[in-house]
Amino acid sequence: MAAIPPLCDFGWKALDANLMGADGQRHSILAQAGQRGLVVAFICNHCPYVRAVIQRIVCDASDLKKLGVGFVAINANDAAAYPADSFENMQLFSRENAFPFHYLHDADQMVARAYGAVCTPDFFGFNADAELQYRGRLDGSRKQEATADLRRDLFEAMQQVALSGQGPREQLASVGCSIKWRENV
C-alpha cells in the first residue's frame with residue numbers, strides 16, 4: 001500500500017543513533033554527514049518503489065558526496081513479518097547494488113519513529129547545521145523507468161542546501177510502500 005509522508009518541517013534537528021550496518025559494524029547516523037549536509041533515507045529491500053529507483057539513489061548519493069553532502073540509508077521494516085527485509089537480505093541488497101553509503105538496520109524501529117518516517121523511500125535532507133531542509137521525493141518516476149530528462153528533485157534540493165544552507169520552499173512528497181511496523185510495540 002502506497003504511503004505519502006508530510007512535507008518538510010524546516011529547521012527540525014537531525015537525531016543520532018548508533019545502528020548495525022550491513023557491513024557488520026555499528027555506525028552513528030550523524031557521523032555520515034559531509035561538511036555541507038546529510039541525507040537520511042529510509043529504504044528497504046523488497047519495496048517495488050525502492051527497487052525501481054535504487055540505482056538512481058546510488059547515483060545521487062555518489063554525486064552528493066562530491067558536493068560535501070553525506071548519505072546514509074536505514075531499513076526499519078519488521079523483518080519477522082517481511083523476511084525479504086532481514087539483516088542478511090540487507091547485506092545482499094547493499095552488495096548487489098554497490099552502495100557507496102552505509103545501510104543501517106533499525107531493528108527496534110526507534111529511529112524511524114523518532115524521525116517520523118512514513119514510507120520507503122522517505123528522504124530527510126539536512127544542512128551543515130543538521131537542520132532539516134528537504135523532505136521530498138527522489139524524482140518524479142515513482143515505480144517507472146526514468147526518462148533521461150527527469151528532474152532530480154533530491155539531488156537538486158541538496159545541491160541548493162550544500163551551496164546556501166537552505167532547501168527549496170516548494171517540495172513534492174515522496175511516495176512509497178508504508179513502513180512495516182511491528183505489532184504490539
# chains A, B, ... in the order shown; residues from 1 in each chain; ligands from 1
call {"tool": "residues_around", "arguments": {"residues": "His102 (chain A)", "least_positions_apart": "5", "cutoff": "10 Å", "atoms": "only C-alpha atoms", "output": "list in words"}}
result
Met20, Gly21, Ala22, Asp23, Gln25, Arg26, His27, Ser28, Ile29, Gln32, Phe71, Val72, Ala73, Ile74 and Ser94 of chain A
call {"tool": "select_by_dssp", "arguments": {"residues": "region 3-168 of chain A", "states": "strand (DSSP E)", "output": "PyMOL selection string"}}
result
chain A and resi 3+18-21+26-28+37-42+69-75+102-105+119-120+122-126+132-134
call {"tool": "write_last_selection", "arguments": {"atoms": "N, CA and C atoms", "output": "CSV table (one decimal), in the first residue's frame"}}
result
chain,number,residue,atom,x,y,z
A,3,ALA,N,2.1,5.0,0.6
A,3,ALA,CA,2.0,6.0,1.7
A,3,ALA,C,2.7,7.3,1.2
A,18,ASN,N,23.3,5.0,17.0
A,18,ASN,CA,24.3,4.0,16.5
A,18,ASN,C,23.5,2.7,16.2
A,19,LEU,N,23.6,2.4,14.9
A,19,LEU,CA,22.9,1.2,14.4
A,19,LEU,C,23.9,0.3,13.7
A,20,MET,N,23.5,-1.0,13.7
A,20,MET,CA,24.3,-2.0,13.0
A,20,MET,C,24.1,-1.8,11.5
A,21,GLY,N,25.3,-1.8,10.8
A,21,GLY,CA,25.3,-1.6,9.4
A,21,GLY,C,25.4,-2.9,8.7
A,26,ARG,N,28.8,-1.2,13.7
A,26,ARG,CA,27.9,-0.2,14.2
A,26,ARG,C,28.3,1.2,13.7
A,27,HIS,N,27.3,2.0,13.3
A,27,HIS,CA,27.6,3.4,12.7
A,27,HIS,C,26.7,4.4,13.3
A,28,SER,N,27.2,5.6,13.6
A,28,SER,CA,26.5,6.7,14.0
A,28,SER,C,25.8,7.4,12.8
A,37,GLY,N,26.2,18.8,4.6
A,37,GLY,CA,24.9,18.3,4.9
A,37,GLY,C,24.9,16.7,4.9
A,38,LEU,N,23.7,16.3,5.1
A,38,LEU,CA,23.4,14.8,5.2
A,38,LEU,C,22.0,14.5,4.7
A,39,VAL,N,21.9,13.4,4.0
A,39,VAL,CA,20.6,12.8,3.6
A,39,VAL,C,20.5,11.5,4.4
A,40,VAL,N,19.4,11.4,5.1
A,40,VAL,CA,19.0,10.2,5.8
A,40,VAL,C,17.8,9.6,5.0
A,41,ALA,N,18.0,8.4,4.4
A,41,ALA,CA,17.0,7.8,3.6
A,41,ALA,C,16.5,6.5,4.2
A,42,PHE,N,15.2,6.4,4.4
A,42,PHE,CA,14.6,5.2,4.9
A,42,PHE,C,14.2,4.4,3.6
A,69,VAL,N,28.0,16.5,0.7
A,69,VAL,CA,26.8,16.0,1.4
A,69,VAL,C,26.9,14.5,1.6
A,70,GLY,N,26.8,14.1,2.9
A,70,GLY,CA,26.8,12.7,3.2
A,70,GLY,C,25.5,12.0,3.0
A,71,PHE,N,25.5,10.7,3.0
A,71,PHE,CA,24.3,9.9,2.8
A,71,PHE,C,24.3,8.7,3.6
A,72,VAL,N,23.2,8.3,4.2
A,72,VAL,CA,23.0,7.1,4.9
A,72,VAL,C,21.6,6.5,4.7
A,73,ALA,N,21.5,5.2,4.6
A,73,ALA,CA,20.2,4.6,4.4
A,73,ALA,C,19.9,3.7,5.6
A,74,ILE,N,18.6,3.7,6.0
A,74,ILE,CA,18.1,2.9,7.1
A,74,ILE,C,16.9,2.1,6.7
A,75,ASN,N,17.0,0.8,7.2
A,75,ASN,CA,15.9,-0.1,7.0
A,75,ASN,C,15.2,-0.4,8.4
A,102,HIS,N,26.5,3.8,4.0
A,102,HIS,CA,26.2,2.7,5.0
A,102,HIS,C,24.7,2.5,4.9
A,103,TYR,N,24.3,1.2,5.1
A,103,TYR,CA,22.9,0.8,5.1
A,103,TYR,C,22.7,0.2,6.5
A,104,LEU,N,21.9,0.9,7.3
A,104,LEU,CA,21.8,0.6,8.7
A,104,LEU,C,20.5,-0.1,9.0
A,105,HIS,N,20.5,-0.9,10.1
A,105,HIS,CA,19.3,-1.7,10.5
A,105,HIS,C,18.7,-1.1,11.7
A,119,CYS,N,7.3,6.1,4.8
A,119,CYS,CA,7.3,5.1,3.7
A,119,CYS,C,8.8,4.8,3.2
A,120,THR,N,8.9,3.9,2.3
A,120,THR,CA,10.1,3.6,1.7
A,120,THR,C,9.9,3.8,0.2
A,122,ASP,N,11.8,7.3,1.9
A,122,ASP,CA,11.5,8.5,2.6
A,122,ASP,C,12.8,9.3,2.9
A,123,PHE,N,12.9,10.5,2.3
A,123,PHE,CA,14.2,11.2,2.3
A,123,PHE,C,14.2,12.4,3.3
A,124,PHE,N,15.2,12.5,4.1
A,124,PHE,CA,15.3,13.7,5.0
A,124,PHE,C,16.7,14.3,4.7
A,125,GLY,N,16.7,15.6,4.2
A,125,GLY,CA,17.9,16.3,3.8
A,125,GLY,C,18.2,17.4,4.8
A,126,PHE,N,19.4,17.3,5.4
A,126,PHE,CA,19.8,18.2,6.5
A,126,PHE,C,21.0,19.1,6.0
A,132,LEU,N,16.8,20.3,9.2
A,132,LEU,CA,16.0,19.7,8.1
A,132,LEU,C,15.7,20.8,7.1
A,133,GLN,N,16.1,20.5,5.8
A,133,GLN,CA,15.8,21.5,4.7
A,133,GLN,C,15.1,20.8,3.5
A,134,TYR,N,15.0,19.5,3.6
A,134,TYR,CA,14.3,18.8,2.5
A,134,TYR,C,13.6,17.5,3.0
call {"tool": "atom_distance", "arguments": {"atom1": "CA of Glu88 (chain A)", "atom2": "CA of Val53 (chain A)"}}
result
21.1 Å
call {"tool": "select_by_dssp", "arguments": {"residues": "chain A", "states": "alpha helix (DSSP H)", "output": "NGL selection string"}}
result
:A and (48-66 or 87-96 or 110-115 or 153-164)
call {"tool": "write_last_selection", "arguments": {"atoms": "C-alpha atoms", "output": "PDB file, in the first residue's frame"}}
result
ATOM      1  CA  PRO A  48       8.915  -2.020  -5.531  1.00  0.00           C
ATOM      2  CA  TYR A  49       9.280   1.764  -5.233  1.00  0.00           C
ATOM      3  CA  VAL A  50      12.785   1.388  -3.780  1.00  0.00           C
ATOM      4  CA  ARG A  51      13.778  -1.366  -6.186  1.00  0.00           C
ATOM      5  CA  ALA A  52      12.722   0.786  -9.157  1.00  0.00           C
ATOM      6  CA  VAL A  53      14.923   3.718  -8.098  1.00  0.00           C
ATOM      7  CA  ILE A  54      17.800   2.115  -6.193  1.00  0.00           C
ATOM      8  CA  GLN A  55      20.380   2.782  -8.912  1.00  0.00           C
ATOM      9  CA  ARG A  56      19.307   6.449  -9.043  1.00  0.00           C
ATOM     10  CA  ILE A  57      19.636   6.610  -5.236  1.00  0.00           C
ATOM     11  CA  VAL A  58      23.165   5.183  -5.538  1.00  0.00           C
ATOM     12  CA  CYS A  59      23.988   7.709  -8.283  1.00  0.00           C
ATOM     13  CA  ASP A  60      22.607  10.666  -6.319  1.00  0.00           C
ATOM     14  CA  ALA A  61      24.456   9.600  -3.160  1.00  0.00           C
ATOM     15  CA  SER A  62      27.722   9.448  -5.105  1.00  0.00           C
ATOM     16  CA  ASP A  63      27.097  12.812  -6.784  1.00  0.00           C
ATOM     17  CA  LEU A  64      26.106  14.428  -3.463  1.00  0.00           C
ATOM     18  CA  LYS A  65      29.306  13.184  -1.816  1.00  0.00           C
ATOM     19  CA  LYS A  66      31.251  15.253  -4.372  1.00  0.00           C
ATOM     20  CA  PHE A  87      19.509  -8.116   8.009  1.00  0.00           C
ATOM     21  CA  GLU A  88      21.019 -10.850   5.831  1.00  0.00           C
ATOM     22  CA  ASN A  89      18.996  -9.614   2.856  1.00  0.00           C
ATOM     23  CA  MET A  90      20.120  -6.057   3.629  1.00  0.00           C
ATOM     24  CA  GLN A  91      23.701  -7.257   3.279  1.00  0.00           C
ATOM     25  CA  LEU A  92      22.899  -8.896  -0.047  1.00  0.00           C
ATOM     26  CA  PHE A  93      20.905  -5.893  -1.332  1.00  0.00           C
ATOM     27  CA  SER A  94      23.695  -3.442  -0.462  1.00  0.00           C
ATOM     28  CA  ARG A  95      26.338  -5.629  -2.160  1.00  0.00           C
ATOM     29  CA  GLU A  96      24.220  -6.251  -5.271  1.00  0.00           C
ATOM     30  CA  MET A 110      13.013   3.610  17.334  1.00  0.00           C
ATOM     31  CA  VAL A 111      14.907   5.745  14.800  1.00  0.00           C
ATOM     32  CA  ALA A 112      12.145   5.533  12.181  1.00  0.00           C
ATOM     33  CA  ARG A 113       9.589   6.531  14.799  1.00  0.00           C
ATOM     34  CA  ALA A 114      11.760   9.413  16.060  1.00  0.00           C
ATOM     35  CA  TYR A 115      12.197  10.736  12.516  1.00  0.00           C
ATOM     36  CA  ASP A 153      14.434  16.571  -7.047  1.00  0.00           C
ATOM     37  CA  LEU A 154      16.551  15.221  -4.154  1.00  0.00           C
ATOM     38  CA  PHE A 155      19.873  15.945  -5.827  1.00  0.00           C
ATOM     39  CA  GLU A 156      18.886  19.478  -6.890  1.00  0.00           C
ATOM     40  CA  ALA A 157      17.444  20.299  -3.464  1.00  0.00           C
ATOM     41  CA  MET A 158      20.543  19.052  -1.655  1.00  0.00           C
ATOM     42  CA  GLN A 159      22.795  20.844  -4.135  1.00  0.00           C
ATOM     43  CA  GLN A 160      20.980  24.046  -3.122  1.00  0.00           C
ATOM     44  CA  VAL A 161      21.369  23.118   0.563  1.00  0.00           C
ATOM     45  CA  ALA A 162      25.105  22.487   0.054  1.00  0.00           C
ATOM     46  CA  LEU A 163      25.545  25.915  -1.545  1.00  0.00           C
ATOM     47  CA  SER A 164      23.222  28.034   0.611  1.00  0.00           C
TER      48      SER A 164
END
call {"tool": "atom_distance", "arguments": {"atom1": "CA of Val118 (chain A)", "atom2": "CA of Gly136 (chain A)"}}
result
11.8 Å
call {"tool": "decode", "arguments": {"residues": "region 21-35 of chain A", "atoms": "all heavy atoms", "output": "short mmCIF file (atom, residue, chain, number, x, y, z; two decimals), in the first residue's frame"}}
result
data_model
loop_
_atom_site.label_atom_id
_atom_site.label_comp_id
_atom_site.auth_asym_id
_atom_site.auth_seq_id
_atom_site.Cartn_x
_atom_site.Cartn_y
_atom_site.Cartn_z
N GLY A 21 25.30 -1.76 10.80
CA GLY A 21 25.33 -1.60 9.36
C GLY A 21 25.38 -2.94 8.65
O GLY A 21 25.77 -3.96 9.24
N ALA A 22 25.04 -2.94 7.39
CA ALA A 22 25.10 -4.15 6.58
C ALA A 22 26.53 -4.68 6.48
O ALA A 22 26.73 -5.84 6.15
CB ALA A 22 24.53 -3.88 5.19
N ASP A 23 27.50 -3.83 6.82
CA ASP A 23 28.90 -4.26 6.81
C ASP A 23 29.30 -4.97 8.11
O ASP A 23 30.46 -5.35 8.29
CB ASP A 23 29.82 -3.07 6.57
CG ASP A 23 29.75 -2.03 7.68
OD1 ASP A 23 28.94 -2.16 8.62
OD2 ASP A 23 30.53 -1.04 7.60
N GLY A 24 28.34 -5.15 9.04
CA GLY A 24 28.61 -5.84 10.29
C GLY A 24 29.18 -4.95 11.39
O GLY A 24 29.51 -5.44 12.47
N GLN A 25 29.30 -3.66 11.13
CA GLN A 25 29.82 -2.70 12.11
C GLN A 25 28.71 -1.73 12.52
O GLN A 25 27.78 -1.48 11.74
CB GLN A 25 30.98 -1.89 11.50
CG GLN A 25 32.13 -2.72 10.98
CD GLN A 25 32.86 -3.44 12.08
OE1 GLN A 25 33.18 -2.86 13.11
NE2 GLN A 25 33.11 -4.73 11.88
N ARG A 26 28.83 -1.16 13.71
CA ARG A 26 27.87 -0.15 14.17
C ARG A 26 28.33 1.21 13.66
O ARG A 26 29.52 1.50 13.61
CB ARG A 26 27.76 -0.15 15.68
CG ARG A 26 27.17 -1.47 16.22
CD ARG A 26 26.87 -1.41 17.69
NE ARG A 26 25.69 -0.63 17.99
CZ ARG A 26 24.42 -1.01 17.80
NH1 ARG A 26 24.17 -2.18 17.28
NH2 ARG A 26 23.41 -0.23 18.13
N HIS A 27 27.33 2.05 13.28
CA HIS A 27 27.64 3.37 12.73
C HIS A 27 26.70 4.41 13.31
O HIS A 27 25.50 4.16 13.47
CB HIS A 27 27.50 3.37 11.21
CG HIS A 27 28.42 2.42 10.53
ND1 HIS A 27 29.74 2.70 10.28
CD2 HIS A 27 28.20 1.16 10.06
CE1 HIS A 27 30.29 1.66 9.68
NE2 HIS A 27 29.38 0.72 9.54
N SER A 28 27.23 5.57 13.59
CA SER A 28 26.46 6.72 14.01
C SER A 28 25.82 7.36 12.78
O SER A 28 26.50 7.54 11.76
CB SER A 28 27.39 7.74 14.70
OG SER A 28 26.83 9.02 14.68
N ILE A 29 24.56 7.71 12.87
CA ILE A 29 23.88 8.37 11.75
C ILE A 29 24.57 9.69 11.43
O ILE A 29 24.94 9.96 10.29
CB ILE A 29 22.39 8.60 12.07
CG1 ILE A 29 21.66 7.26 12.18
CG2 ILE A 29 21.74 9.49 11.00
CD1 ILE A 29 20.26 7.36 12.75
N LEU A 30 24.77 10.52 12.44
CA LEU A 30 25.32 11.86 12.21
C LEU A 30 26.78 11.83 11.76
O LEU A 30 27.25 12.77 11.11
CB LEU A 30 25.14 12.74 13.43
CG LEU A 30 23.68 13.06 13.81
CD1 LEU A 30 23.63 14.02 14.98
CD2 LEU A 30 22.90 13.59 12.62
N ALA A 31 27.50 10.76 12.07
CA ALA A 31 28.88 10.65 11.61
C ALA A 31 28.96 10.47 10.09
O ALA A 31 30.03 10.61 9.50
CB ALA A 31 29.57 9.48 12.30
N GLN A 32 27.83 10.22 9.44
CA GLN A 32 27.81 10.05 7.99
C GLN A 32 27.69 11.38 7.25
O GLN A 32 27.78 11.43 6.03
CB GLN A 32 26.64 9.13 7.58
CG GLN A 32 26.59 7.80 8.31
CD GLN A 32 27.93 7.10 8.36
OE1 GLN A 32 28.56 6.86 7.34
NE2 GLN A 32 28.38 6.76 9.57
N ALA A 33 27.47 12.45 8.00
CA ALA A 33 27.31 13.78 7.39
C ALA A 33 28.60 14.23 6.70
O ALA A 33 29.70 13.92 7.15
CB ALA A 33 26.91 14.80 8.45
N GLY A 34 28.41 14.96 5.62
CA GLY A 34 29.53 15.63 4.97
C GLY A 34 29.64 17.04 5.54
O GLY A 34 28.82 17.45 6.38
N GLN A 35 30.60 17.80 5.07
CA GLN A 35 30.78 19.17 5.55
C GLN A 35 29.59 20.06 5.25
O GLN A 35 29.36 21.04 5.94
CB GLN A 35 32.03 19.79 4.93
CG GLN A 35 33.32 19.24 5.45
CD GLN A 35 34.50 19.97 4.84
OE1 GLN A 35 34.62 20.10 3.63
NE2 GLN A 35 35.36 20.47 5.71
#
